[in-house]
$ cat my_file_11.txt   # compact mmCIF, C-alpha atoms and all ligand atoms
# COMPACT_ATOMS: atom_id res chain seq x y z
CA MET H 1 -20.45 23.57 -13.76
CA ALA H 2 -18.25 25.56 -11.43
CA HIS H 3 -14.83 24.19 -10.70
CA THR H 4 -15.25 23.39 -7.04
CA SER H 5 -12.01 21.90 -5.85
CA ALA H 6 -12.20 23.10 -2.27
CA THR H 7 -8.46 23.02 -1.90
CA ALA H 8 -6.78 24.19 -5.08
CA THR H 9 -5.03 26.88 -3.09
CA SER H 10 -1.35 26.66 -2.23
CA ALA H 11 -0.29 24.37 0.60
CA ARG H 12 -1.06 26.38 3.69
CA PRO H 13 1.41 27.09 6.48
CA GLY H 14 0.51 25.35 9.72
CA TRP H 15 -1.38 22.57 7.95
CA VAL H 16 -0.62 18.87 7.61
CA TYR H 17 -1.46 17.15 4.33
CA LEU H 18 -1.67 13.41 4.68
CA VAL H 19 -0.87 12.33 1.14
CA GLY H 20 -0.94 8.95 -0.58
CA ALA H 21 2.06 8.44 -2.85
CA GLY H 22 0.67 5.42 -4.68
CA PRO H 23 2.43 2.07 -5.11
CA GLY H 24 5.65 3.26 -6.78
CA ASP H 25 5.30 4.48 -10.36
CA PRO H 26 5.44 8.28 -9.87
CA GLU H 27 2.92 8.77 -12.66
CA LEU H 28 0.32 7.12 -10.44
CA LEU H 29 0.35 10.12 -8.11
CA THR H 30 -2.79 12.22 -8.12
CA ILE H 31 -2.46 15.75 -9.48
CA LYS H 32 -3.26 17.03 -6.01
CA ALA H 33 -0.51 14.93 -4.42
CA ALA H 34 2.05 16.16 -6.97
CA ARG H 35 1.07 19.77 -6.34
CA LEU H 36 1.28 19.49 -2.56
CA ILE H 37 4.63 17.68 -2.70
CA ALA H 38 6.02 20.49 -4.86
CA GLU H 39 4.68 23.17 -2.50
CA ALA H 40 5.55 21.65 0.88
CA ASP H 41 8.05 23.19 3.30
CA VAL H 42 8.69 19.78 4.83
CA ILE H 43 8.02 16.22 3.73
CA VAL H 44 7.78 13.47 6.32
CA TYR H 45 7.99 10.21 4.37
CA ASP H 46 7.89 6.45 4.79
CA ASN H 47 10.23 3.87 3.34
CA LEU H 48 7.75 2.84 0.65
CA VAL H 49 7.90 6.26 -1.02
CA SER H 50 10.15 6.14 -4.07
CA ASP H 51 13.04 8.55 -4.66
CA ASP H 52 11.50 9.74 -7.92
CA ILE H 53 8.56 11.05 -5.94
CA LEU H 54 10.72 12.71 -3.28
CA ASP H 55 12.63 14.42 -6.08
CA MET H 56 9.46 16.30 -6.92
CA ALA H 57 9.79 18.34 -3.72
CA ALA H 58 11.27 21.83 -3.88
CA PRO H 59 15.07 21.83 -3.42
CA LYS H 60 14.68 23.89 -0.24
CA ALA H 61 12.09 21.57 1.28
CA GLU H 62 13.16 19.61 4.31
CA ARG H 63 12.88 15.82 3.96
CA LEU H 64 12.41 13.76 7.12
CA TYR H 65 12.42 9.96 7.04
CA ALA H 66 9.95 8.37 9.44
CA GLY H 67 10.33 4.64 8.71
CA LYS H 68 9.18 1.87 8.73
CA GLU H 69 10.67 -1.30 7.50
CA ARG H 70 9.78 -4.71 8.81
CA GLY H 71 11.38 -5.15 12.24
CA ASN H 72 13.04 -1.76 11.97
CA HIS H 73 10.68 0.93 13.18
CA SER H 74 12.84 4.00 12.89
CA LEU H 75 10.40 6.29 14.70
CA PRO H 76 7.67 5.01 17.02
CA GLN H 77 4.19 5.96 15.82
CA GLU H 78 3.58 8.30 18.76
CA GLN H 79 6.75 10.26 17.92
CA ILE H 80 5.67 10.59 14.29
CA ASN H 81 2.32 11.94 15.45
CA GLN H 82 4.03 14.47 17.71
CA LEU H 83 6.52 15.45 15.00
CA LEU H 84 3.67 16.36 12.65
CA VAL H 85 2.04 18.50 15.33
CA ARG H 86 5.31 20.29 16.10
CA LEU H 87 6.14 21.03 12.46
CA ALA H 88 2.67 22.41 11.83
CA ARG H 89 2.89 24.60 14.93
CA GLU H 90 6.20 25.97 13.63
CA GLY H 91 4.12 27.30 10.74
CA LYS H 92 5.29 24.84 8.10
CA ALA H 93 3.23 23.43 5.27
CA VAL H 94 3.74 19.75 6.08
CA VAL H 95 3.22 16.87 3.68
CA ARG H 96 3.04 13.52 5.41
CA LEU H 97 3.74 11.17 2.53
CA LYS H 98 2.81 7.51 2.69
CA GLY H 99 3.03 4.65 0.22
CA GLY H 100 -0.23 3.72 -1.48
CA ASP H 101 -3.29 5.15 0.22
CA PRO H 102 -2.90 6.66 3.70
CA TYR H 103 -6.09 5.10 5.02
CA THR H 104 -5.36 1.58 3.81
CA PHE H 105 -3.02 -0.19 6.25
CA GLY H 106 -1.16 3.09 6.54
CA ARG H 107 -1.87 4.21 10.11
CA GLY H 108 -3.17 7.42 8.59
CA GLY H 109 -6.13 7.28 10.94
CA GLU H 110 -3.90 7.35 13.99
CA GLU H 111 -1.95 10.35 12.74
CA VAL H 112 -5.07 12.30 11.89
CA GLU H 113 -6.62 11.48 15.27
CA THR H 114 -3.66 13.18 16.94
CA LEU H 115 -3.87 16.19 14.61
CA HIS H 116 -7.56 16.47 15.30
CA SER H 117 -7.23 16.25 19.06
CA ASP H 118 -4.37 18.77 19.07
CA GLY H 119 -6.31 21.20 16.90
CA VAL H 120 -3.95 21.05 13.92
CA PRO H 121 -5.74 21.58 10.59
CA PHE H 122 -5.27 18.80 8.05
CA GLU H 123 -6.38 17.38 4.73
CA VAL H 124 -6.21 13.82 3.45
CA VAL H 125 -5.30 13.06 -0.16
CA PRO H 126 -6.08 9.47 -1.16
CA GLY H 127 -3.59 7.46 -3.17
CA ILE H 128 -3.74 4.38 -5.33
CA THR H 129 -3.47 1.56 -2.87
CA ALA H 130 -1.09 -1.31 -3.59
CA ALA H 131 -3.96 -3.69 -4.36
CA ALA H 132 -5.29 -1.51 -7.17
CA GLY H 133 -1.90 -0.56 -8.61
CA VAL H 134 -0.32 -3.97 -8.35
CA ALA H 135 -3.34 -5.81 -9.74
CA ALA H 136 -3.48 -3.54 -12.77
CA TYR H 137 0.23 -3.83 -13.54
CA ALA H 138 0.28 -7.59 -12.91
CA GLY H 139 -2.66 -8.25 -15.25
CA ILE H 140 -4.98 -9.49 -12.50
CA PRO H 141 -8.43 -7.83 -12.39
CA LEU H 142 -9.54 -7.80 -8.75
CA THR H 143 -13.15 -8.50 -9.71
CA HIS H 144 -14.50 -10.10 -12.87
CA ARG H 145 -18.02 -11.26 -13.57
CA ASN H 146 -16.86 -14.79 -14.33
CA HIS H 147 -14.61 -15.07 -11.30
CA ALA H 148 -15.13 -12.81 -8.31
CA GLN H 149 -17.95 -10.57 -7.14
CA ALA H 150 -16.13 -9.46 -4.02
CA CYS H 151 -12.63 -8.45 -3.06
CA VAL H 152 -11.22 -8.33 0.46
CA PHE H 153 -8.06 -6.58 1.64
CA VAL H 154 -6.40 -8.01 4.74
CA THR H 155 -3.12 -7.63 6.55
CA GLY H 156 -1.02 -10.77 6.80
CA HIS H 157 1.17 -9.34 9.48
CA LEU H 158 2.02 -12.13 11.90
CA LYS H 159 1.28 -11.69 15.56
CA ASP H 160 2.84 -14.37 17.78
CA GLY H 161 3.52 -16.46 14.66
CA SER H 162 -0.06 -16.59 13.41
CA MET H 163 -2.64 -14.42 11.70
CA ASN H 164 -5.78 -13.45 13.46
CA LEU H 165 -8.11 -13.41 10.46
CA ASP H 166 -11.68 -14.43 9.71
CA TRP H 167 -10.69 -17.62 7.86
CA PRO H 168 -14.20 -18.89 7.01
CA GLY H 169 -14.97 -15.46 5.54
CA LEU H 170 -11.77 -15.45 3.48
CA ALA H 171 -11.83 -19.03 2.21
CA ARG H 172 -14.58 -18.41 -0.31
CA LYS H 173 -14.81 -18.93 -4.02
CA ARG H 174 -16.06 -16.06 -6.21
CA GLN H 175 -14.01 -13.69 -4.08
CA THR H 176 -10.52 -12.26 -4.39
CA VAL H 177 -8.38 -11.90 -1.29
CA VAL H 178 -5.50 -9.42 -1.31
CA ILE H 179 -2.98 -9.77 1.46
CA TYR H 180 -0.74 -6.86 2.44
CA MET H 181 2.42 -7.54 4.48
CA GLY H 182 1.96 -11.26 3.97
CA LEU H 183 5.22 -12.63 2.55
CA HIS H 184 6.52 -13.82 5.87
CA GLY H 185 3.28 -15.59 6.72
CA LEU H 186 2.61 -17.03 3.24
CA PRO H 187 2.86 -20.73 4.21
CA HIS H 188 0.55 -20.19 7.18
CA LEU H 189 -1.89 -18.21 5.04
CA CYS H 190 -2.12 -20.89 2.33
CA GLU H 191 -2.53 -23.64 4.90
CA LYS H 192 -5.35 -21.84 6.68
CA LEU H 193 -7.24 -21.06 3.47
CA MET H 194 -7.13 -24.76 2.50
CA GLU H 195 -8.07 -25.85 6.00
CA HIS H 196 -11.18 -23.67 5.70
CA GLY H 197 -12.25 -25.10 2.38
CA LEU H 198 -10.43 -23.62 -0.60
CA PRO H 199 -9.10 -26.34 -2.92
CA PRO H 200 -5.36 -27.14 -2.93
CA ASP H 201 -5.13 -26.07 -6.59
CA TRP H 202 -6.77 -22.66 -5.94
CA PRO H 203 -4.80 -19.96 -7.84
CA ALA H 204 -2.59 -17.47 -6.04
CA ALA H 205 0.06 -14.95 -7.00
CA ILE H 206 2.66 -12.85 -5.32
CA VAL H 207 3.91 -9.61 -6.82
CA GLN H 208 7.16 -7.94 -5.85
CA HIS H 209 7.65 -4.15 -6.32
CA GLY H 210 4.36 -3.70 -8.14
CA THR H 211 4.25 -0.81 -10.70
CA ARG H 212 8.01 -0.32 -10.46
CA PRO H 213 10.61 -1.34 -13.07
CA THR H 214 11.66 -4.17 -10.73
CA GLN H 215 8.16 -5.69 -10.64
CA ARG H 216 8.14 -9.49 -10.66
CA THR H 217 5.16 -11.79 -10.38
CA VAL H 218 5.11 -15.47 -9.54
CA THR H 219 1.95 -17.53 -9.69
CA GLY H 220 1.00 -20.95 -8.38
CA THR H 221 -1.63 -22.53 -6.18
CA LEU H 222 -2.23 -22.56 -2.45
CA THR H 223 -0.14 -25.72 -2.39
CA THR H 224 2.77 -24.58 -4.55
CA LEU H 225 3.06 -20.81 -4.03
CA PRO H 226 5.05 -20.84 -0.77
CA GLY H 227 7.79 -22.98 -2.35
CA ILE H 228 7.78 -21.00 -5.58
CA ALA H 229 7.98 -17.69 -3.69
CA ASP H 230 10.82 -19.00 -1.58
CA ALA H 231 12.81 -20.11 -4.62
CA ALA H 232 12.20 -16.76 -6.34
CA ASN H 233 13.89 -14.91 -3.47
CA LEU H 234 11.41 -12.03 -3.59
CA LYS H 235 12.16 -8.67 -2.02
CA ALA H 236 9.70 -6.48 -0.10
CA PRO H 237 7.32 -4.93 -0.72
CA THR H 238 5.25 -7.81 -2.03
CA LEU H 239 1.51 -8.28 -2.35
CA ILE H 240 -0.33 -11.61 -2.39
CA ILE H 241 -3.47 -12.09 -4.49
CA VAL H 242 -5.59 -15.22 -4.01
CA GLY H 243 -8.47 -16.13 -6.29
CA SER H 244 -9.38 -17.50 -9.69
CA VAL H 245 -8.83 -14.01 -11.21
CA VAL H 246 -5.13 -14.87 -11.04
CA THR H 247 -5.57 -17.17 -14.07
CA LEU H 248 -6.50 -14.13 -16.19
CA ARG H 249 -2.94 -12.91 -15.96
CA GLU H 250 -1.87 -15.38 -18.65
CA GLN H 251 -3.72 -13.22 -21.19
CA LEU H 252 -3.80 -9.84 -19.50
CA ARG H 253 -0.20 -9.33 -18.37
CA TRP H 254 1.54 -6.39 -19.97
CA HIS H 255 3.87 -4.52 -17.62
CA GLU H 256 6.62 -7.08 -17.08
CA GLU H 257 6.85 -7.58 -20.86
CA ALA H 258 7.15 -3.87 -21.57
CA GLY H 259 10.82 -3.53 -20.73
CA LYS H 260 11.94 -6.73 -22.45
N1 LIG R 301 -0.82 2.26 2.58
C1 LIG R 301 -0.22 1.28 1.69
C2 LIG R 301 0.03 -0.05 2.37
C3 LIG R 301 1.04 0.01 3.49
S1 LIG R 301 1.34 -1.55 4.21
C4 LIG R 301 -1.13 1.09 0.48
O1 LIG R 301 -2.27 1.58 0.46
O2 LIG R 301 -0.70 0.46 -0.48
C5 LIG R 301 2.75 -2.08 3.31
C6 LIG R 301 2.40 -3.24 2.42
O3 LIG R 301 1.78 -2.78 1.22
C7 LIG R 301 3.59 -4.03 1.93
O4 LIG R 301 4.00 -4.97 2.89
C8 LIG R 301 3.04 -4.70 0.70
O5 LIG R 301 2.24 -5.81 1.05
C9 LIG R 301 2.11 -3.65 0.16
N2 LIG R 301 2.73 -2.85 -0.91
C10 LIG R 301 2.90 -1.52 -0.94
N3 LIG R 301 3.47 -1.12 -2.10
C11 LIG R 301 3.64 -2.24 -2.84
C12 LIG R 301 4.18 -2.49 -4.13
N4 LIG R 301 4.65 -1.52 -4.91
N5 LIG R 301 4.22 -3.78 -4.57
C13 LIG R 301 3.75 -4.77 -3.81
N6 LIG R 301 3.24 -4.59 -2.58
C14 LIG R 301 3.18 -3.35 -2.09
$ encode --input "my_file_11.txt" --output "C-alpha cells"
Amino acid sequence: MAHTSATATSARPGWVYLVGAGPGDPELLTIKAARLIAEADVIVYDNLVSDDILDMAAPKAERLYAGKERGNHSLPQEQINQLLVRLAREGKAVVRLKGGDPYTFGRGGEEVETLHSDGVPFEVVPGITAAAGVAAYAGIPLTHRNHAQACVFVTGHLKDGSMNLDWPGLARKRQTVVIYMGLHGLPHLCEKLMEHGLPPDWPAAIVQHGTRPTQRTVTGTLTTLPGIADAANLKAPTLIIVGSVVTLREQLRWHEEAGK
C-alpha cells in the first residue's frame, strides 16, 4: 500500500496548522503534531500547553501566548483569529497549538472559520482530548460493557451561575458523562443530576492535571464529591467523570502509583 500521508511535507509558509497538543504528557502528542511544532516559524499557544511541548519548537521560532485562563482572557477570540491571519500573510508557517483536541471545547472551529473566510490555507491536526487522556491515566474506562454503552462530553462552564444542559439526557445510567471546565459548578452539577434521577450514591470522580506528574484523582458520589473536591484543594485543569465506570478505578489505576 502506498504511503499516502497527504501532508508529510515540511510546514508550509503562509499556512496555519491548528494542532492539538494533547492533555499534558508530551509523549501523547501525535507524530504529526511533533513534526509541525519542530518546523514552525511561530507558535501561538494556549495556557494548557505544557512547557515540555513548547520546548520542542526550534530555538528561533517565535512563541506567542494567546491565553486563556478562567476569568483572565489574555487575548479576545477575535484578536486571536486576526493574529493567525496576519502571521500567515507575513509568510510564516504558523502552528496554533491548543490543549487536548482543537475541535473539542477548543474554539478551533471559530479560528478555522476565520481562516477559511479570509482565504488562508490551513490544516487541522487532532489531539488526544482530555477525556481520553485523563480517563486512561486515571484508570477509568469511558465505556465498558458492564457499565456504560454511551459517553457524553459536556462543558460545565457556568453562565449566570447555572449550566444550560440537557439534564434528563445526562442523568442516565449505563452512560458516562465527562464534564470539561466543571470544577466551579460541581455542586450545581451533582444536584441537577440527582434531581433528574441519578441516585445519591452514583459514582463520580474528579481528576486534576491528568497525564501530568501532578495528576491527582479524588472519587466519591454525587452527594459527597463536592465536599471531597473542596477539601482536596484541586488546581485547574480538572476533569469530572460521572458514571459507574468510576468504580473500576480501584483495580485499574496505575499512573498515580507509578511515581511512588
Ligand atoms: N480542547 C481541550 C479542552 C479545552 S477546555 C481538550 O480537548 O482537552 C479546558 C478544559 O479541559 C479544562 O477546564 C479541563 O476540564 C479540561 N482539561 C484539559 N486538560 C486537562 C488535564 N490535563 N487534566 C484534566 N482536565 C483537563
$ closest_residue --input "my_file_11.txt" --among "H:Ala236, H:Leu115, H:Ile53, H:Val125" --to "H:Lys32" --atoms "all atoms listed in the file"
H:Val125
$ residues_near_ligand --input "my_file_11.txt" --ligand "ligand LIG 301 (chain R)" --cutoff "6 Å" --atoms "only C-alpha atoms and all ligand atoms" --output "PyMOL selection string"
chain H and resi 23-24+99-102+104-106+129-130+134+180-181+207-211+237-239
$ residues_around --input "my_file_11.txt" --residues "stretch 85-93 of chain H" --least-positions-apart "5" --cutoff "9 Å" --atoms "all atoms listed in the file" --output "PyMOL selection string"
chain H and resi 11-17+36+39-43+80+114-115+118-121
$ atom_distance --input "my_file_11.txt" --atom1 "atom CA of H:Pro76" --atom2 "atom CA of H:Asp46"
12.3 Å
$ residues_around --input "my_file_11.txt" --residues "H:Ile241" --least-positions-apart "3" --cutoff "7 Å" --atoms "only C-alpha atoms" --output "list in words"
Val177, Val178, Ile179, Ala204, Ala205 and Ile206 of chain H
$ atom_distance --input "my_file_11.txt" --atom1 "atom CA of H:Ile128" --atom2 "atom CA of H:Leu189"
24.9 Å
$ residues_around --input "my_file_11.txt" --residues "H:Pro203" --least-positions-apart "3" --cutoff "7 Å" --atoms "all atoms listed in the file" --output "VMD selection string"
chain H and resid 220 to 222 242 to 244 246 to 247
$ atom_distance --input "my_file_11.txt" --atom1 "atom CA of H:His144" --atom2 "atom CA of H:Arg174"
9.1 Å
$ residues_around --input "my_file_11.txt" --residues "stretch 157-169 of chain H" --least-positions-apart "3" --cutoff "9 Å" --atoms "all atoms listed in the file" --output "list in words"
Val154, Arg172, Tyr180, Met181, Gly182, Leu183, His184, Gly185, His188, Leu189, Lys192, Leu193, Glu195, His196 and Gly197 of chain H
$ residues_around --input "my_file_11.txt" --residues "H:Ala66" --least-positions-apart "3" --cutoff "9 Å" --atoms "all atoms listed in the file" --output "ChimeraX atom specification"
/H:44-47,73-77,80
$ axis_aligned_box --input "my_file_11.txt" --around "stretch 194-209 of chain H" --padding-each-side "5 Å" --output "AutoDock Vina command-line options"
--center_x -2.3 --center_y -15.6 --center_z -0.9 --size_x 29.9 --size_y 33.0 --size_z 23.8
$ closest_residue --input "my_file_11.txt" --among "H:Gly127, H:Pro213, H:Gly139, H:Gly227" --to "H:Val19" --atoms "only C-alpha atoms"
H:Gly127
$ closest_residue --input "my_file_11.txt" --among "H:Leu84, H:Leu248, H:Val95, H:Ala61" --to "H:Ala34" --atoms "all atoms listed in the file"
H:Val95
